[in-house]
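Peer 1: Input structure: model_30.txt, which contains compact mmCIF, C-alpha atoms.
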# COMPACT_ATOMS: atom_id res chain seq x y z
CA MET G 22 -172.19 -52.45 -68.20
CA ALA G 23 -173.49 -55.13 -70.56
CA ALA G 24 -176.42 -55.75 -68.21
CA THR G 25 -177.30 -52.04 -68.25
CA VAL G 26 -177.22 -51.87 -72.05
CA THR G 27 -179.34 -55.02 -72.17
CA ALA G 28 -181.90 -53.56 -69.76
CA VAL G 29 -182.22 -50.44 -71.92
CA THR G 30 -182.36 -52.30 -75.25
CA ILE G 31 -184.88 -55.04 -74.40
CA PRO G 32 -188.00 -52.82 -74.15
CA GLU G 33 -187.24 -51.17 -77.49
CA LEU G 34 -186.62 -54.53 -79.16
CA ARG G 35 -189.85 -55.96 -77.74
CA SER G 36 -191.73 -52.93 -79.05
CA GLU G 37 -190.24 -53.32 -82.53
CA LEU G 38 -190.82 -57.08 -82.70
CA ALA G 39 -194.39 -56.76 -81.49
CA GLY G 40 -195.07 -54.03 -84.02
CA LYS G 41 -196.15 -51.69 -81.25
CA GLY G 42 -196.69 -48.11 -82.10
CA THR G 43 -199.43 -46.05 -83.66
CA LYS G 44 -199.36 -45.85 -87.43
CA GLY G 45 -200.21 -42.54 -88.94
CA THR G 46 -199.46 -39.97 -91.62
CA LEU G 47 -197.23 -36.92 -91.43
CA THR G 48 -198.22 -34.02 -93.65
CA VAL G 49 -194.91 -32.29 -94.31
CA SER G 50 -194.76 -28.54 -93.84
CA SER G 51 -190.96 -28.14 -94.22
CA CYS G 52 -187.71 -30.09 -94.45
CA GLU G 53 -184.27 -28.96 -93.30
CA THR G 54 -181.04 -30.40 -94.65
CA HIS G 55 -178.23 -31.56 -92.36
CA THR G 56 -174.90 -33.10 -93.26
CA ARG G 57 -173.05 -35.72 -91.27
CA THR G 58 -169.38 -36.27 -92.02
CA HIS G 59 -167.79 -39.66 -91.47
CA TYR G 60 -164.01 -39.82 -91.29
CA GLY G 61 -162.45 -43.09 -92.36
CA THR G 62 -158.83 -44.15 -92.52
CA HIS G 63 -158.44 -43.31 -96.21
CA ARG G 64 -161.38 -41.09 -97.07
CA ARG G 65 -164.05 -38.80 -95.78
CA THR G 66 -167.72 -39.23 -96.66
CA THR G 67 -170.58 -36.83 -96.18
CA GLN G 68 -174.12 -38.08 -95.70
CA LEU G 69 -177.16 -35.90 -96.24
CA GLU G 70 -179.92 -36.16 -93.67
CA PHE G 71 -183.22 -34.34 -93.51
CA SER G 72 -185.46 -33.30 -90.64
CA CYS G 73 -189.02 -32.94 -91.81
CA THR G 74 -191.60 -31.09 -89.71
CA GLY G 75 -195.35 -31.31 -90.04
CA ASN G 76 -198.66 -32.39 -88.59
CA TRP G 77 -199.13 -36.05 -87.71
CA THR G 78 -202.50 -37.79 -87.65
CA ALA G 79 -203.08 -41.35 -86.48
CA GLN G 80 -204.57 -43.80 -88.98
CA ASN G 81 -207.51 -44.47 -86.69
CA GLY G 82 -208.07 -40.72 -86.26
CA ASN G 83 -207.82 -40.85 -82.46
CA ALA G 84 -204.76 -38.63 -82.11
CA SER G 85 -202.98 -35.82 -83.90
CA TYR G 86 -199.90 -33.77 -83.14
CA GLN G 87 -198.55 -30.54 -84.57
CA ASP G 88 -194.92 -29.66 -85.27
CA VAL G 89 -193.72 -33.25 -85.25
CA VAL G 90 -190.09 -33.68 -86.37
CA VAL G 91 -189.03 -36.86 -88.21
CA ASN G 92 -185.50 -37.63 -89.43
CA THR G 93 -185.45 -38.97 -92.98
CA THR G 94 -182.93 -39.79 -95.68
CA SER G 95 -185.06 -38.13 -98.37
CA ARG G 96 -186.29 -34.62 -98.88
CA PHE G 97 -190.07 -34.22 -99.13
CA GLU G 98 -191.95 -31.33 -100.62
CA SER G 99 -194.35 -29.27 -98.54
CA GLY G 100 -197.74 -30.99 -98.43
CA ALA G 101 -196.33 -34.49 -99.01
CA LYS G 102 -197.87 -37.24 -96.90
CA ILE G 103 -195.50 -39.87 -95.50
CA PRO G 104 -196.21 -42.86 -93.23
CA VAL G 105 -194.81 -42.37 -89.73
CA VAL G 106 -195.09 -44.57 -86.62
CA GLN G 107 -195.41 -43.10 -83.14
CA ALA G 108 -193.68 -45.30 -80.58
CA ASP G 109 -193.61 -43.99 -77.03
CA ASP G 110 -192.78 -40.30 -77.42
CA THR G 111 -190.87 -40.56 -80.70
CA PHE G 112 -191.93 -40.50 -84.32
CA GLU G 113 -190.08 -42.69 -86.81
CA LEU G 114 -190.36 -43.91 -90.37
CA PRO G 115 -191.50 -47.55 -90.50
CA GLU G 116 -188.26 -48.66 -92.16
CA ASP G 117 -186.23 -47.17 -89.29
CA ARG G 118 -187.84 -49.57 -86.81
CA ALA G 119 -185.63 -52.50 -87.77
CA PRO G 120 -185.12 -54.91 -84.85
CA GLY G 121 -181.84 -56.25 -86.28
CA LYS G 122 -179.67 -53.58 -84.69
CA ASP G 123 -181.20 -54.04 -81.25
CA ALA G 124 -180.92 -57.82 -81.51
CA ALA G 125 -177.26 -57.44 -82.51
CA ILE G 126 -176.64 -55.24 -79.47
CA LEU G 127 -178.22 -57.85 -77.17
CA ALA G 128 -176.19 -60.67 -78.71
CA PHE G 129 -173.00 -58.63 -78.36
CA CYS G 130 -173.88 -57.99 -74.70
CA LEU G 131 -174.18 -61.77 -74.23
CA SER G 132 -170.61 -62.15 -75.52
CA LEU G 133 -169.40 -59.34 -73.27
CA MET G 134 -171.03 -60.94 -70.24
CA ALA G 135 -169.39 -64.31 -71.00
CA PHE G 136 -166.00 -62.60 -71.38
CA GLY G 137 -166.55 -60.63 -68.17
CA ILE G 138 -167.34 -63.81 -66.24
CA PHE G 139 -164.19 -65.40 -67.66
CA CYS G 140 -162.12 -62.41 -66.51
CA LEU G 141 -163.65 -62.48 -63.03
CA LEU G 142 -163.09 -66.21 -62.62
CA THR G 143 -159.47 -66.22 -63.80
CA GLY G 144 -158.05 -62.76 -63.18
CA PHE G 145 -157.38 -62.30 -66.90
CA GLY G 146 -156.92 -58.66 -67.80
CA ALA G 147 -155.68 -57.60 -64.38
CA ARG G 148 -152.44 -55.66 -64.07
CA ASN G 149 -149.61 -58.21 -64.16
CA GLY G 150 -152.28 -60.90 -64.47
CA PRO G 151 -151.95 -64.23 -66.22
CA ALA G 152 -151.87 -64.61 -70.00
CA LEU G 153 -154.89 -65.96 -71.88
CA SER G 154 -153.59 -69.55 -72.05
CA ASP G 155 -152.71 -69.55 -68.36
CA SER G 156 -156.09 -68.04 -67.51
CA TRP G 157 -157.88 -70.73 -69.50
CA GLN G 158 -156.10 -73.40 -67.44
CA ARG G 159 -157.07 -71.64 -64.18
CA LEU G 160 -160.82 -71.86 -64.84
CA PRO G 161 -162.67 -73.78 -62.14
CA ALA G 162 -164.06 -77.04 -63.54
CA THR G 163 -162.17 -76.42 -66.78
CA LYS G 164 -163.85 -79.22 -68.73
CA VAL G 165 -167.30 -77.70 -68.11
CA THR G 166 -166.78 -73.98 -67.56
CA GLY G 167 -164.43 -73.47 -70.52
CA PRO G 168 -166.72 -74.88 -73.21
CA VAL G 169 -169.78 -73.19 -71.69
CA LEU G 170 -168.17 -69.73 -71.55
CA GLY G 171 -166.49 -70.19 -74.93
CA GLY G 172 -169.73 -71.40 -76.48
CA VAL G 173 -171.78 -68.54 -75.06
CA PHE G 174 -169.16 -66.03 -76.22
CA GLY G 175 -169.00 -67.54 -79.72
CA LEU G 176 -172.76 -67.85 -80.01
CA GLY G 177 -173.23 -64.22 -78.96
CA ALA G 178 -170.59 -62.98 -81.39
CA LEU G 179 -172.03 -65.01 -84.28
CA ALA G 180 -175.60 -63.95 -83.49
CA ALA G 181 -174.52 -60.29 -83.32
CA LEU G 182 -172.89 -60.58 -86.73
CA VAL G 183 -175.91 -62.31 -88.28
CA CYS G 184 -178.37 -59.83 -86.78
CA ALA G 185 -176.34 -56.82 -87.84
CA LEU G 186 -175.88 -58.01 -91.42
CA ALA G 187 -179.00 -60.03 -92.20
CA LEU G 188 -181.85 -58.36 -90.31
Using structure tokens, write down the structure from this file.
Peer 2:
Amino acid sequence: MAATVTAVTIPELRSELAGKGTKGTLTVSSCETHTRTHYGTHRRTTQLEFSCTGNWTAQNGNASYQDVVVNTTSRFESGAKIPVVQADDTFELPEDRAPGKDAAILAFCLSLMAFGIFCLLTGFGARNGPALSDSWQRLPATKVTGPVLGGVFGLGALAALVCALAL
């Protein structure tokens, strides 16, 4: 499963890091308001989101599209011009193309793959399987495999945390 998520995430991350996409301007014709409710353990929060529709024109003037929908966190008046990037078949605000989330997903997948390999090698997690400490002792070539798998898992977890919070 981690390999599948990685295969899906890598092209998007490469696109964001390379700055791929066509820059252009959306001339807003209308904005609709949507609410998204988040339920926490002690409170409920409601977040306002907007879907703005309009005509998009590339900066270089080579392409234009009508009735383009862009999700925003702000409401724009009719006739407002906002910068929008076309990447593949989607239109996004430039600030929504942050590579940090995708990099965090990839790093987390690295941790999951290391944990999965550990489980396959030792039988940890199986019904009536060995406990974690017993599984660790059952690793083949314990002095090499243990630190490698533990290091890859820790590195992936730390990288995921850094990417999610700092980028």
Peer 1: Might I get the box with edges along x, y and z of the file that holds all atoms of region 136-143 of chain G listed there, padded by 5 Å on every side, given as centre and edge lengths in Å to one decimal, as JSON?
Peer 2:
{"center_x": -163.4, "center_y": -63.4, "center_z": -67.0, "size_x": 17.9, "size_y": 15.6, "size_z": 18.8}
Peer 1: Which residues of region 40-64 of chain G come within 7 Å of region 98-115 of chain G, and for each one, what is the closest pair of atoms and their distance in Å to one decimal, counting all atoms listed in the file, sorted by chain and residue number, as JSON lines?
Peer 2:
{"residue": "G:Lys41", "atom": "CA", "partner": "G:Ala108", "partner_atom": "CA", "distance": 6.9}
{"residue": "G:Gly42", "atom": "CA", "partner": "G:Ala108", "partner_atom": "CA", "distance": 4.4}
{"residue": "G:Thr43", "atom": "CA", "partner": "G:Gln107", "partner_atom": "CA", "distance": 5.0}
{"residue": "G:Lys44", "atom": "CA", "partner": "G:Val106", "partner_atom": "CA", "distance": 4.5}
{"residue": "G:Gly45", "atom": "CA", "partner": "G:Val105", "partner_atom": "CA", "distance": 5.5}
{"residue": "G:Thr46", "atom": "CA", "partner": "G:Pro104", "partner_atom": "CA", "distance": 4.6}
{"residue": "G:Leu47", "atom": "CA", "partner": "G:Ile103", "partner_atom": "CA", "distance": 5.3}
{"residue": "G:Thr48", "atom": "CA", "partner": "G:Lys102", "partner_atom": "CA", "distance": 4.6}
{"residue": "G:Val49", "atom": "CA", "partner": "G:Gly100", "partner_atom": "CA", "distance": 5.2}
{"residue": "G:Ser50", "atom": "CA", "partner": "G:Ser99", "partner_atom": "CA", "distance": 4.8}
{"residue": "G:Ser51", "atom": "CA", "partner": "G:Ser99", "partner_atom": "CA", "distance": 5.6}
Peer 1: What does the distance between CA of Leu160 (chain G) and CA of Ala125 (chain G) come to in Å, to one decimal place?
Peer 2: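 Here the two named atoms are 28.1 Å from each other.
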Peer 1: Please work out which residues fall within 9 Å of (-185.6, -28.3, -95.5), coordinates as given in the file, with only C-alpha atoms counting, and return them as a ChimeraX atom specification.
Peer 2: /G:51-55,71-74,96-98
Peer 1: What's the 10 Å shell around Phe139 (chain G), counting only C-alpha atoms, without same-chain residues fewer than 2 positions away, as a JSON list (two decimals) with C-alpha atoms, in the frame of the given file?
Peer 2:
[["chain", "number", "residue", "atom", "x", "y", "z"],
["G", 133, "LEU", "CA", -169.40, -59.34, -73.27],
["G", 134, "MET", "CA", -171.03, -60.94, -70.24],
["G", 135, "ALA", "CA", -169.39, -64.31, -71.00],
["G", 136, "PHE", "CA", -166.00, -62.60, -71.38],
["G", 137, "GLY", "CA", -166.55, -60.63, -68.17],
["G", 141, "LEU", "CA", -163.65, -62.48, -63.03],
["G", 142, "LEU", "CA", -163.09, -66.21, -62.62],
["G", 143, "THR", "CA", -159.47, -66.22, -63.80],
["G", 144, "GLY", "CA", -158.05, -62.76, -63.18],
["G", 145, "PHE", "CA", -157.38, -62.30, -66.90],
["G", 146, "GLY", "CA", -156.92, -58.66, -67.80],
["G", 156, "SER", "CA", -156.09, -68.04, -67.51],
["G", 157, "TRP", "CA", -157.88, -70.73, -69.50],
["G", 160, "LEU", "CA", -160.82, -71.86, -64.84],
["G", 166, "THR", "CA", -166.78, -73.98, -67.56],
["G", 167, "GLY", "CA", -164.43, -73.47, -70.52],
["G", 170, "LEU", "CA", -168.17, -69.73, -71.55],
["G", 171, "GLY", "CA", -166.49, -70.19, -74.93],
["G", 174, "PHE", "CA", -169.16, -66.03, -76.22]]
Peer 1: Give me the residues near Leu186 (chain G) as a short mmCIF file (atom, residue, chain, number, x, y, z; two decimals) with C-alpha atoms, in the frame of the given file, where near means some atom within 9 Å (using only C-alpha atoms) and where sequence neighbours in that chain fewer than 4 positions away do not count.
Peer 2:
data_model
loop_
_atom_site.label_atom_id
_atom_site.label_comp_id
_atom_site.auth_asym_id
_atom_site.auth_seq_id
_atom_site.Cartn_x
_atom_site.Cartn_y
_atom_site.Cartn_z
CA GLY G 121 -181.84 -56.25 -86.28
CA LYS G 122 -179.67 -53.58 -84.69
CA ALA G 181 -174.52 -60.29 -83.32
CA LEU G 182 -172.89 -60.58 -86.73
#
Peer 1: Excluding same-chain residues fewer than 4 positions from Gln87 (chain G), what lies within 9 Å of it counting all atoms listed in the file, as a tab-separated table (two decimals) with C-alpha atoms, in the frame of the given file?
Peer 2:
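The file below, result.tsv, is the result:
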chain	number	residue	atom	x	y	z
G	74	THR	CA	-191.60	-31.09	-89.71
G	75	GLY	CA	-195.35	-31.31	-90.04
G	76	ASN	CA	-198.66	-32.39	-88.59
G	77	TRP	CA	-199.13	-36.05	-87.71
G	78	THR	CA	-202.50	-37.79	-87.65
Peer 1: Would you list the contacts of Val26 (chain G) as an NGL selection string, taking every protein, DNA or RNA residue within 12 Å and counting only C-alpha atoms, but skipping same-chain residues closer than 2 positions in sequence?
Peer 2: :G and (22-24 or 28-33 or 123-131 or 133-134)
Peer 1: Those same residues - C-alpha atoms - I'd like them written as a PDB file, in the coordinates of the input.
Peer 2:
ATOM      1  CA  MET G  22    -172.190 -52.450 -68.200  1.00  0.00           C
ATOM      2  CA  ALA G  23    -173.490 -55.130 -70.560  1.00  0.00           C
ATOM      3  CA  ALA G  24    -176.420 -55.750 -68.210  1.00  0.00           C
ATOM      4  CA  ALA G  28    -181.900 -53.560 -69.760  1.00  0.00           C
ATOM      5  CA  VAL G  29    -182.220 -50.440 -71.920  1.00  0.00           C
ATOM      6  CA  THR G  30    -182.360 -52.300 -75.250  1.00  0.00           C
ATOM      7  CA  ILE G  31    -184.880 -55.040 -74.400  1.00  0.00           C
ATOM      8  CA  PRO G  32    -188.000 -52.820 -74.150  1.00  0.00           C
ATOM      9  CA  GLU G  33    -187.240 -51.170 -77.490  1.00  0.00           C
ATOM     10  CA  ASP G 123    -181.200 -54.040 -81.250  1.00  0.00           C
ATOM     11  CA  ALA G 124    -180.920 -57.820 -81.510  1.00  0.00           C
ATOM     12  CA  ALA G 125    -177.260 -57.440 -82.510  1.00  0.00           C
ATOM     13  CA  ILE G 126    -176.640 -55.240 -79.470  1.00  0.00           C
ATOM     14  CA  LEU G 127    -178.220 -57.850 -77.170  1.00  0.00           C
ATOM     15  CA  ALA G 128    -176.190 -60.670 -78.710  1.00  0.00           C
ATOM     16  CA  PHE G 129    -173.000 -58.630 -78.360  1.00  0.00           C
ATOM     17  CA  CYS G 130    -173.880 -57.990 -74.700  1.00  0.00           C
ATOM     18  CA  LEU G 131    -174.180 -61.770 -74.230  1.00  0.00           C
ATOM     19  CA  LEU G 133    -169.400 -59.340 -73.270  1.00  0.00           C
ATOM     20  CA  MET G 134    -171.030 -60.940 -70.240  1.00  0.00           C
TER      21      MET G 134
END
Peer 1: Expressed in Å to a single decimal, how great is the separation between CA of Ser132 (chain G) and CA of Arg148 (chain G)?
Peer 2: 22.4 Å
Peer 1: Quick one: pull the distance between CA of His63 (chain G) and CA of Thr94 (chain G), Å, one decimal.
Peer 2: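 Answer for the CA of His63 (chain G) to CA of Thr94 (chain G) separation: 24.7 Å.
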Peer 1: Rebuild all heavy atoms on region 73-84 of chain G, as an mmCIF file, keeping the file's coordinate frame?
Peer 2:
data_model
loop_
_atom_site.group_PDB
_atom_site.id
_atom_site.type_symbol
_atom_site.label_atom_id
_atom_site.label_comp_id
_atom_site.auth_asym_id
_atom_site.auth_seq_id
_atom_site.Cartn_x
_atom_site.Cartn_y
_atom_site.Cartn_z
ATOM 1 N N CYS G 73 -187.765 -33.445 -91.279
ATOM 2 C CA CYS G 73 -189.020 -32.940 -91.810
ATOM 3 C C CYS G 73 -189.989 -32.662 -90.655
ATOM 4 O O CYS G 73 -190.127 -33.472 -89.742
ATOM 5 C CB CYS G 73 -189.640 -33.924 -92.790
ATOM 6 S SG CYS G 73 -188.656 -34.118 -94.294
ATOM 7 N N THR G 74 -190.644 -31.520 -90.729
ATOM 8 C CA THR G 74 -191.600 -31.090 -89.710
ATOM 9 C C THR G 74 -192.978 -31.037 -90.326
ATOM 10 O O THR G 74 -193.133 -30.686 -91.494
ATOM 11 C CB THR G 74 -191.212 -29.697 -89.169
ATOM 12 O OG1 THR G 74 -189.866 -29.750 -88.726
ATOM 13 C CG2 THR G 74 -192.103 -29.271 -88.034
ATOM 14 N N GLY G 75 -193.980 -31.370 -89.536
ATOM 15 C CA GLY G 75 -195.350 -31.310 -90.040
ATOM 16 C C GLY G 75 -196.353 -31.750 -89.005
ATOM 17 O O GLY G 75 -196.039 -31.919 -87.827
ATOM 18 N N ASN G 76 -197.561 -31.950 -89.456
ATOM 19 C CA ASN G 76 -198.660 -32.390 -88.590
ATOM 20 C C ASN G 76 -198.866 -33.881 -88.788
ATOM 21 O O ASN G 76 -198.976 -34.358 -89.921
ATOM 22 C CB ASN G 76 -199.936 -31.622 -88.914
ATOM 23 C CG ASN G 76 -199.777 -30.142 -88.638
ATOM 24 O OD1 ASN G 76 -199.059 -29.738 -87.742
ATOM 25 N ND2 ASN G 76 -200.457 -29.325 -89.427
ATOM 26 N N TRP G 77 -198.957 -34.600 -87.665
ATOM 27 C CA TRP G 77 -199.130 -36.050 -87.710
ATOM 28 C C TRP G 77 -200.533 -36.401 -87.256
ATOM 29 O O TRP G 77 -201.033 -35.876 -86.258
ATOM 30 C CB TRP G 77 -198.109 -36.707 -86.782
ATOM 31 C CG TRP G 77 -198.188 -38.205 -86.768
ATOM 32 C CD1 TRP G 77 -197.610 -39.067 -87.642
ATOM 33 C CD2 TRP G 77 -198.874 -39.011 -85.807
ATOM 34 N NE1 TRP G 77 -197.903 -40.358 -87.289
ATOM 35 C CE2 TRP G 77 -198.676 -40.349 -86.160
ATOM 36 C CE3 TRP G 77 -199.640 -38.725 -84.684
ATOM 37 C CZ2 TRP G 77 -199.205 -41.396 -85.438
ATOM 38 C CZ3 TRP G 77 -200.172 -39.774 -83.961
ATOM 39 C CH2 TRP G 77 -199.956 -41.097 -84.336
ATOM 40 N N THR G 78 -201.163 -37.306 -87.999
ATOM 41 C CA THR G 78 -202.500 -37.790 -87.650
ATOM 42 C C THR G 78 -202.480 -39.305 -87.645
ATOM 43 O O THR G 78 -201.975 -39.935 -88.578
ATOM 44 C CB THR G 78 -203.540 -37.296 -88.685
ATOM 45 O OG1 THR G 78 -203.439 -35.882 -88.795
ATOM 46 C CG2 THR G 78 -204.939 -37.689 -88.282
ATOM 47 N N ALA G 79 -203.024 -39.897 -86.592
ATOM 48 C CA ALA G 79 -203.080 -41.350 -86.480
ATOM 49 C C ALA G 79 -204.019 -41.913 -87.540
ATOM 50 O O ALA G 79 -204.978 -41.265 -87.955
ATOM 51 C CB ALA G 79 -203.565 -41.754 -85.091
ATOM 52 N N GLN G 80 -203.738 -43.143 -87.973
ATOM 53 C CA GLN G 80 -204.570 -43.800 -88.980
ATOM 54 C C GLN G 80 -206.000 -43.961 -88.500
ATOM 55 O O GLN G 80 -206.940 -43.818 -89.274
ATOM 56 C CB GLN G 80 -203.999 -45.186 -89.303
ATOM 57 C CG GLN G 80 -203.298 -45.267 -90.605
ATOM 58 C CD GLN G 80 -202.800 -46.685 -90.876
ATOM 59 O OE1 GLN G 80 -202.957 -47.595 -90.065
ATOM 60 N NE2 GLN G 80 -202.180 -46.857 -92.016
ATOM 61 N N ASN G 81 -206.161 -44.267 -87.222
ATOM 62 C CA ASN G 81 -207.510 -44.470 -86.690
ATOM 63 C C ASN G 81 -208.201 -43.157 -86.350
ATOM 64 O O ASN G 81 -209.354 -43.154 -85.940
ATOM 65 C CB ASN G 81 -207.458 -45.389 -85.464
ATOM 66 C CG ASN G 81 -206.562 -44.852 -84.363
ATOM 67 O OD1 ASN G 81 -206.161 -43.692 -84.367
ATOM 68 N ND2 ASN G 81 -206.227 -45.722 -83.419
ATOM 69 N N GLY G 82 -207.480 -42.034 -86.496
ATOM 70 C CA GLY G 82 -208.070 -40.720 -86.260
ATOM 71 C C GLY G 82 -208.204 -40.323 -84.806
ATOM 72 O O GLY G 82 -208.767 -39.281 -84.494
ATOM 73 N N ASN G 83 -207.675 -41.138 -83.881
ATOM 74 C CA ASN G 83 -207.820 -40.850 -82.460
ATOM 75 C C ASN G 83 -206.874 -39.771 -81.950
ATOM 76 O O ASN G 83 -207.153 -39.130 -80.945
ATOM 77 C CB ASN G 83 -207.602 -42.118 -81.621
ATOM 78 C CG ASN G 83 -208.762 -43.077 -81.767
ATOM 79 O OD1 ASN G 83 -209.827 -42.714 -82.243
ATOM 80 N ND2 ASN G 83 -208.536 -44.316 -81.368
ATOM 81 N N ALA G 84 -205.743 -39.590 -82.608
ATOM 82 C CA ALA G 84 -204.760 -38.630 -82.110
ATOM 83 C C ALA G 84 -204.155 -37.845 -83.254
ATOM 84 O O ALA G 84 -204.089 -38.312 -84.390
ATOM 85 C CB ALA G 84 -203.654 -39.364 -81.354
#
